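Chemist: So here's target_7.cif (mmCIF, C-alpha atoms).
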data_entry
#
loop_
_atom_site.label_atom_id
_atom_site.label_comp_id
_atom_site.auth_asym_id
_atom_site.auth_seq_id
_atom_site.Cartn_x
_atom_site.Cartn_y
_atom_site.Cartn_z
CA MET Y 159 0.00 0.00 0.00
CA ALA Y 160 1.35 3.42 -0.95
CA GLN Y 161 2.21 5.86 1.80
CA LEU Y 162 -0.45 8.51 2.30
CA THR Y 163 0.45 12.17 1.94
CA LYS Y 164 0.35 13.93 5.31
CA VAL Y 165 -1.79 17.06 5.46
CA ILE Y 166 -2.54 19.42 8.34
CA ILE Y 167 -5.81 21.32 8.16
CA TYR Y 168 -6.77 24.14 10.50
CA THR Y 169 -10.43 25.14 10.39
CA ASP Y 170 -12.79 27.60 11.99
CA GLY Y 171 -16.34 28.86 11.71
CA ALA Y 172 -17.90 32.16 12.71
CA CYS Y 173 -21.42 33.46 12.94
CA SER Y 174 -22.77 36.92 13.70
CA GLY Y 175 -25.93 36.06 15.58
CA ASN Y 176 -26.84 32.40 15.81
CA PRO Y 177 -28.48 32.03 13.33
CA GLY Y 178 -27.17 34.84 11.22
CA PRO Y 179 -24.52 35.60 8.63
CA GLY Y 180 -21.64 33.18 8.92
CA GLY Y 181 -18.26 32.28 7.54
CA TRP Y 182 -15.88 29.33 7.52
CA ALA Y 183 -12.18 28.96 6.78
CA ALA Y 184 -9.61 26.23 6.28
CA ILE Y 185 -5.85 26.35 5.95
CA LEU Y 186 -4.26 23.27 4.38
CA ARG Y 187 -0.55 22.52 4.73
CA SER Y 188 1.46 19.67 3.27
CA GLY Y 189 5.21 19.95 3.26
CA SER Y 190 6.04 23.42 1.94
CA VAL Y 191 2.65 23.86 0.26
CA SER Y 192 -0.05 25.95 1.96
CA LYS Y 193 -3.55 26.92 0.82
CA GLU Y 194 -6.19 29.16 2.42
CA MET Y 195 -9.88 28.66 1.70
CA SER Y 196 -12.96 30.45 3.01
CA GLY Y 197 -16.63 31.01 2.30
CA GLY Y 198 -19.87 31.87 3.99
CA GLU Y 199 -23.64 31.98 4.03
CA ALA Y 200 -26.19 34.69 4.67
CA ASN Y 201 -28.25 32.74 7.23
CA THR Y 202 -26.57 29.93 9.12
CA THR Y 203 -25.28 28.84 12.53
CA ASN Y 204 -21.85 28.69 14.10
CA ASN Y 205 -21.95 24.88 14.23
CA ARG Y 206 -22.79 24.64 10.52
CA MET Y 207 -19.87 26.92 9.69
CA GLU Y 208 -17.50 24.89 11.89
CA LEU Y 209 -18.57 21.75 10.00
CA GLN Y 210 -18.34 23.45 6.61
CA GLY Y 211 -14.76 24.49 7.28
CA VAL Y 212 -13.71 20.89 7.91
CA ILE Y 213 -15.74 19.54 4.98
CA SER Y 214 -14.33 22.11 2.56
CA GLY Y 215 -10.77 21.44 3.67
CA LEU Y 216 -11.13 17.68 3.24
CA LYS Y 217 -12.95 18.04 -0.09
CA ALA Y 218 -10.00 20.03 -1.44
CA LEU Y 219 -7.82 16.91 -1.18
CA THR Y 220 -8.02 14.96 -4.44
CA ARG Y 221 -6.64 11.64 -3.20
CA PRO Y 222 -6.71 9.81 0.15
CA CYS Y 223 -4.44 11.49 2.69
CA GLU Y 224 -3.41 11.17 6.31
CA VAL Y 225 -4.96 14.30 7.78
CA GLU Y 226 -4.73 16.10 11.10
CA VAL Y 227 -7.71 18.42 11.50
CA HIS Y 228 -7.08 21.14 14.08
CA SER Y 229 -10.26 22.83 15.29
CA ASP Y 230 -11.35 24.91 18.26
CA SER Y 231 -14.86 23.43 17.92
CA ALA Y 232 -15.64 20.95 20.69
CA TYR Y 233 -18.81 20.14 18.70
CA VAL Y 234 -16.77 18.83 15.75
CA VAL Y 235 -13.85 17.28 17.62
CA ASN Y 236 -15.91 15.53 20.31
CA ALA Y 237 -18.28 14.01 17.76
CA PHE Y 238 -15.36 11.89 16.56
CA ARG Y 239 -13.18 11.58 19.64
CA GLN Y 240 -16.09 10.67 21.92
CA ASN Y 241 -17.74 8.41 19.31
CA TRP Y 242 -20.95 10.42 18.98
CA ILE Y 243 -20.81 9.75 15.23
CA ASP Y 244 -20.87 5.96 15.67
CA LYS Y 245 -23.87 6.23 18.00
CA TRP Y 246 -25.73 8.56 15.63
CA VAL Y 247 -25.12 6.26 12.67
CA SER Y 248 -26.21 3.13 14.58
CA ASN Y 249 -29.32 4.99 15.83
CA GLY Y 250 -30.34 6.09 12.32
CA TRP Y 251 -29.10 9.67 12.84
CA LYS Y 252 -31.06 10.09 16.06
CA ASN Y 253 -29.44 11.53 19.18
CA SER Y 254 -29.71 10.17 22.73
CA ALA Y 255 -33.06 12.01 23.12
CA LYS Y 256 -34.34 10.14 20.00
CA ALA Y 257 -34.51 13.45 18.09
CA ASP Y 258 -32.97 14.00 14.67
CA VAL Y 259 -29.27 14.86 14.87
CA ALA Y 260 -28.81 18.57 14.12
CA ASN Y 261 -26.90 19.28 10.91
CA SER Y 262 -27.05 15.63 9.84
CA ASP Y 263 -26.72 16.70 6.18
CA LEU Y 264 -23.26 18.08 6.94
CA TRP Y 265 -22.32 15.31 9.36
CA LYS Y 266 -23.06 12.72 6.66
CA GLN Y 267 -20.74 14.53 4.23
CA LEU Y 268 -18.04 14.67 6.89
CA VAL Y 269 -18.39 10.97 7.72
CA ALA Y 270 -17.98 10.08 4.04
CA LEU Y 271 -14.82 12.22 3.89
CA THR Y 272 -13.40 10.58 7.03
CA ASP Y 273 -13.99 7.22 5.34
CA PHE Y 274 -11.98 8.43 2.31
CA HIS Y 275 -9.11 9.96 4.32
CA ARG Y 276 -7.39 8.81 7.49
CA VAL Y 277 -8.36 11.69 9.79
CA THR Y 278 -7.29 12.57 13.31
CA PHE Y 279 -9.13 15.40 15.07
CA ILE Y 280 -7.14 17.67 17.37
CA LYS Y 281 -8.79 20.23 19.67
CA VAL Y 282 -7.02 23.58 19.85
CA LYS Y 283 -7.80 26.46 22.16
CA GLY Y 284 -9.67 29.20 20.33
CA HIS Y 285 -8.68 32.86 20.48
CA ALA Y 286 -5.33 31.98 22.03
CA ASP Y 287 -1.81 32.09 20.64
CA ASP Y 288 -2.20 29.50 17.87
CA GLU Y 289 -1.23 31.41 14.72
CA LEU Y 290 -3.10 29.20 12.23
CA ASN Y 291 -6.24 29.01 14.35
CA ASN Y 292 -6.21 32.79 14.67
CA ARG Y 293 -5.78 33.17 10.89
CA CYS Y 294 -8.74 30.85 10.28
CA ASP Y 295 -10.83 32.87 12.71
CA GLU Y 296 -9.86 36.08 10.90
CA LEU Y 297 -10.82 34.61 7.51
CA ALA Y 298 -14.13 33.20 8.80
CA VAL Y 299 -15.10 36.52 10.42
CA MET Y 300 -14.27 38.37 7.17
CA GLU Y 301 -16.52 35.98 5.23
CA SER Y 302 -19.32 36.43 7.77
CA ALA Y 303 -19.03 40.21 7.45
CA LYS Y 304 -19.69 39.96 3.70
CA PHE Y 305 -23.22 38.81 4.49
CA SER Y 306 -23.95 41.23 7.36
CA LYS Y 307 -26.53 43.93 6.83
CA ARG Y 308 -24.99 47.34 6.49
#
Translate this file's structure into structure tokens.
Modeler:
Amino acid sequence: MAQLTKVIIYTDGACSGNPGPGGWAAILRSGSVSKEMSGGEANTTNNRMELQGVISGLKALTRPCEVEVHSDSAYVVNAFRQNWIDKWVSNGWKNSAKADVANSDLWKQLVALTDFHRVTFIKVKGHADDELNNRCDELAVMESAKFSKR
């Protein structure tokens, strides 16, 4: 089996109001190559933007990779590290209260991408001294501002 390319992805999401205008960002790094991506929506939630940042970063990879996803979103990281995903899938995308899992459309995309890539999720402290996390936050906030009413 061929060795997988190692990629580090930093992601973040932002929302002005919840729901409200939002933005997401991802920074991909592999070796000496770096790429910034960002986007947004006029009416969304912070959690949807956090998910979209990870999804967009992983979708940008054209072949299976070994990926470290760095996120300040406990919502995203804990879903994988605490096996919420496995429980949701086995329960037909119902949560422990038997209600539909919020944002299941995005979660399903993310699960498919984690099946394609070998992904490790790493929780980083938000709004601290992590340069790439801070850059993602800056990009996501700028995207969110594009959709804010003036």
Chemist: Measuring atom to atom with only C-alpha atoms, identify which of Y:Met207, Y:Val235, Y:Ala286, Y:Cys173 is nearest to Y:Ser306.
Modeler: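 Among the listed residues, the smallest separation from Y:Ser306 belongs to Y:Cys173.
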Chemist: Of the candidates Y:Val299, Y:Ala160, Y:Ala200, Y:Val212, which one gets nearest to Y:Tyr233 if we count only C-alpha atoms?
Modeler: Y:Val212
Chemist: I'd like to see the residues matched by the PyMOL selection byres ((chain Y and resi 194) around 12) on this file, and ideally I'd get them as a compact mmCIF listing (two decimals) with C-alpha atoms, in the coordinates of the input.
Modeler:
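Full text of part03.txt as output:
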# COMPACT_ATOMS: atom_id res chain seq x y z
CA ILE Y 166 -2.54 19.42 8.34
CA ILE Y 167 -5.81 21.32 8.16
CA TYR Y 168 -6.77 24.14 10.50
CA THR Y 169 -10.43 25.14 10.39
CA ASP Y 170 -12.79 27.60 11.99
CA TRP Y 182 -15.88 29.33 7.52
CA ALA Y 183 -12.18 28.96 6.78
CA ALA Y 184 -9.61 26.23 6.28
CA ILE Y 185 -5.85 26.35 5.95
CA LEU Y 186 -4.26 23.27 4.38
CA ARG Y 187 -0.55 22.52 4.73
CA VAL Y 191 2.65 23.86 0.26
CA SER Y 192 -0.05 25.95 1.96
CA LYS Y 193 -3.55 26.92 0.82
CA MET Y 195 -9.88 28.66 1.70
CA SER Y 196 -12.96 30.45 3.01
CA GLY Y 197 -16.63 31.01 2.30
CA GLY Y 211 -14.76 24.49 7.28
CA SER Y 214 -14.33 22.11 2.56
CA GLY Y 215 -10.77 21.44 3.67
CA ALA Y 218 -10.00 20.03 -1.44
CA LEU Y 290 -3.10 29.20 12.23
CA ASN Y 291 -6.24 29.01 14.35
CA ARG Y 293 -5.78 33.17 10.89
CA CYS Y 294 -8.74 30.85 10.28
CA ASP Y 295 -10.83 32.87 12.71
CA GLU Y 296 -9.86 36.08 10.90
CA LEU Y 297 -10.82 34.61 7.51
CA ALA Y 298 -14.13 33.20 8.80
Chemist: May I ask for the distance between atom CA of Y:Asn236 and atom CA of Y:Pro179, given in Å to one decimal place?
Modeler: 24.8 Å
Chemist: Quick one: distance from atom CA of Y:Gly284 to atom CA of Y:Glu208 in Å, one decimal?
Modeler: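 Straight-line distance from atom CA of Y:Gly284 to atom CA of Y:Glu208 works out to 12.3 Å.
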Chemist: If the PyMOL selection byres ((chain Y and resi 226) around 9) is run on the structure shown, which residues does it catch, given as a list in words?
Modeler: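 Selection result, ordered by chain and number: Lys164, Val165, Ile166, Ile167, Tyr168, Glu224, Val225, Val227, His228, Arg276, Val277, Thr278, Phe279 and Ile280 of chain Y.
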Chemist: Tell me which residues the PyMOL selection byres ((chain Y and resi 283) around 10) grabs here, as a PyMOL selection string.
Modeler: chain Y and resi 228-232+281-282+284-288+291-292
Chemist: Just the number, please: distance in Å from atom CA of Y:Gln267 to atom CA of Y:Ser190, one decimal.
Modeler: 28.3 Å
Chemist: So which residues touch stretch 240-247 of chain Y within 10 Å, counting only C-alpha atoms, skipping near sequence neighbours fewer than 6 positions away, as an MDAnalysis selection string?
Modeler: chainID Y and resid 233:234 253:254 256 258:259 262 265:266 269
Chemist: Rank Y:Asp273, Y:Glu289, Y:Gly180, Y:Arg221 by their smallest atom-to-atom distance to Y:Gln161, using only C-alpha atoms, and report the top residue only.
Modeler: Y:Arg221
Chemist: Might I get the box with edges along x, y and z of the file that holds all atoms of stretch 182-190 of chain Y listed there, padded by 5 Å on every side, given as centre and edge lengths in Å to one decimal, as JSON?
Modeler:
{"center_x": -4.9, "center_y": 24.5, "center_z": 4.7, "size_x": 31.9, "size_y": 19.7, "size_z": 15.6}
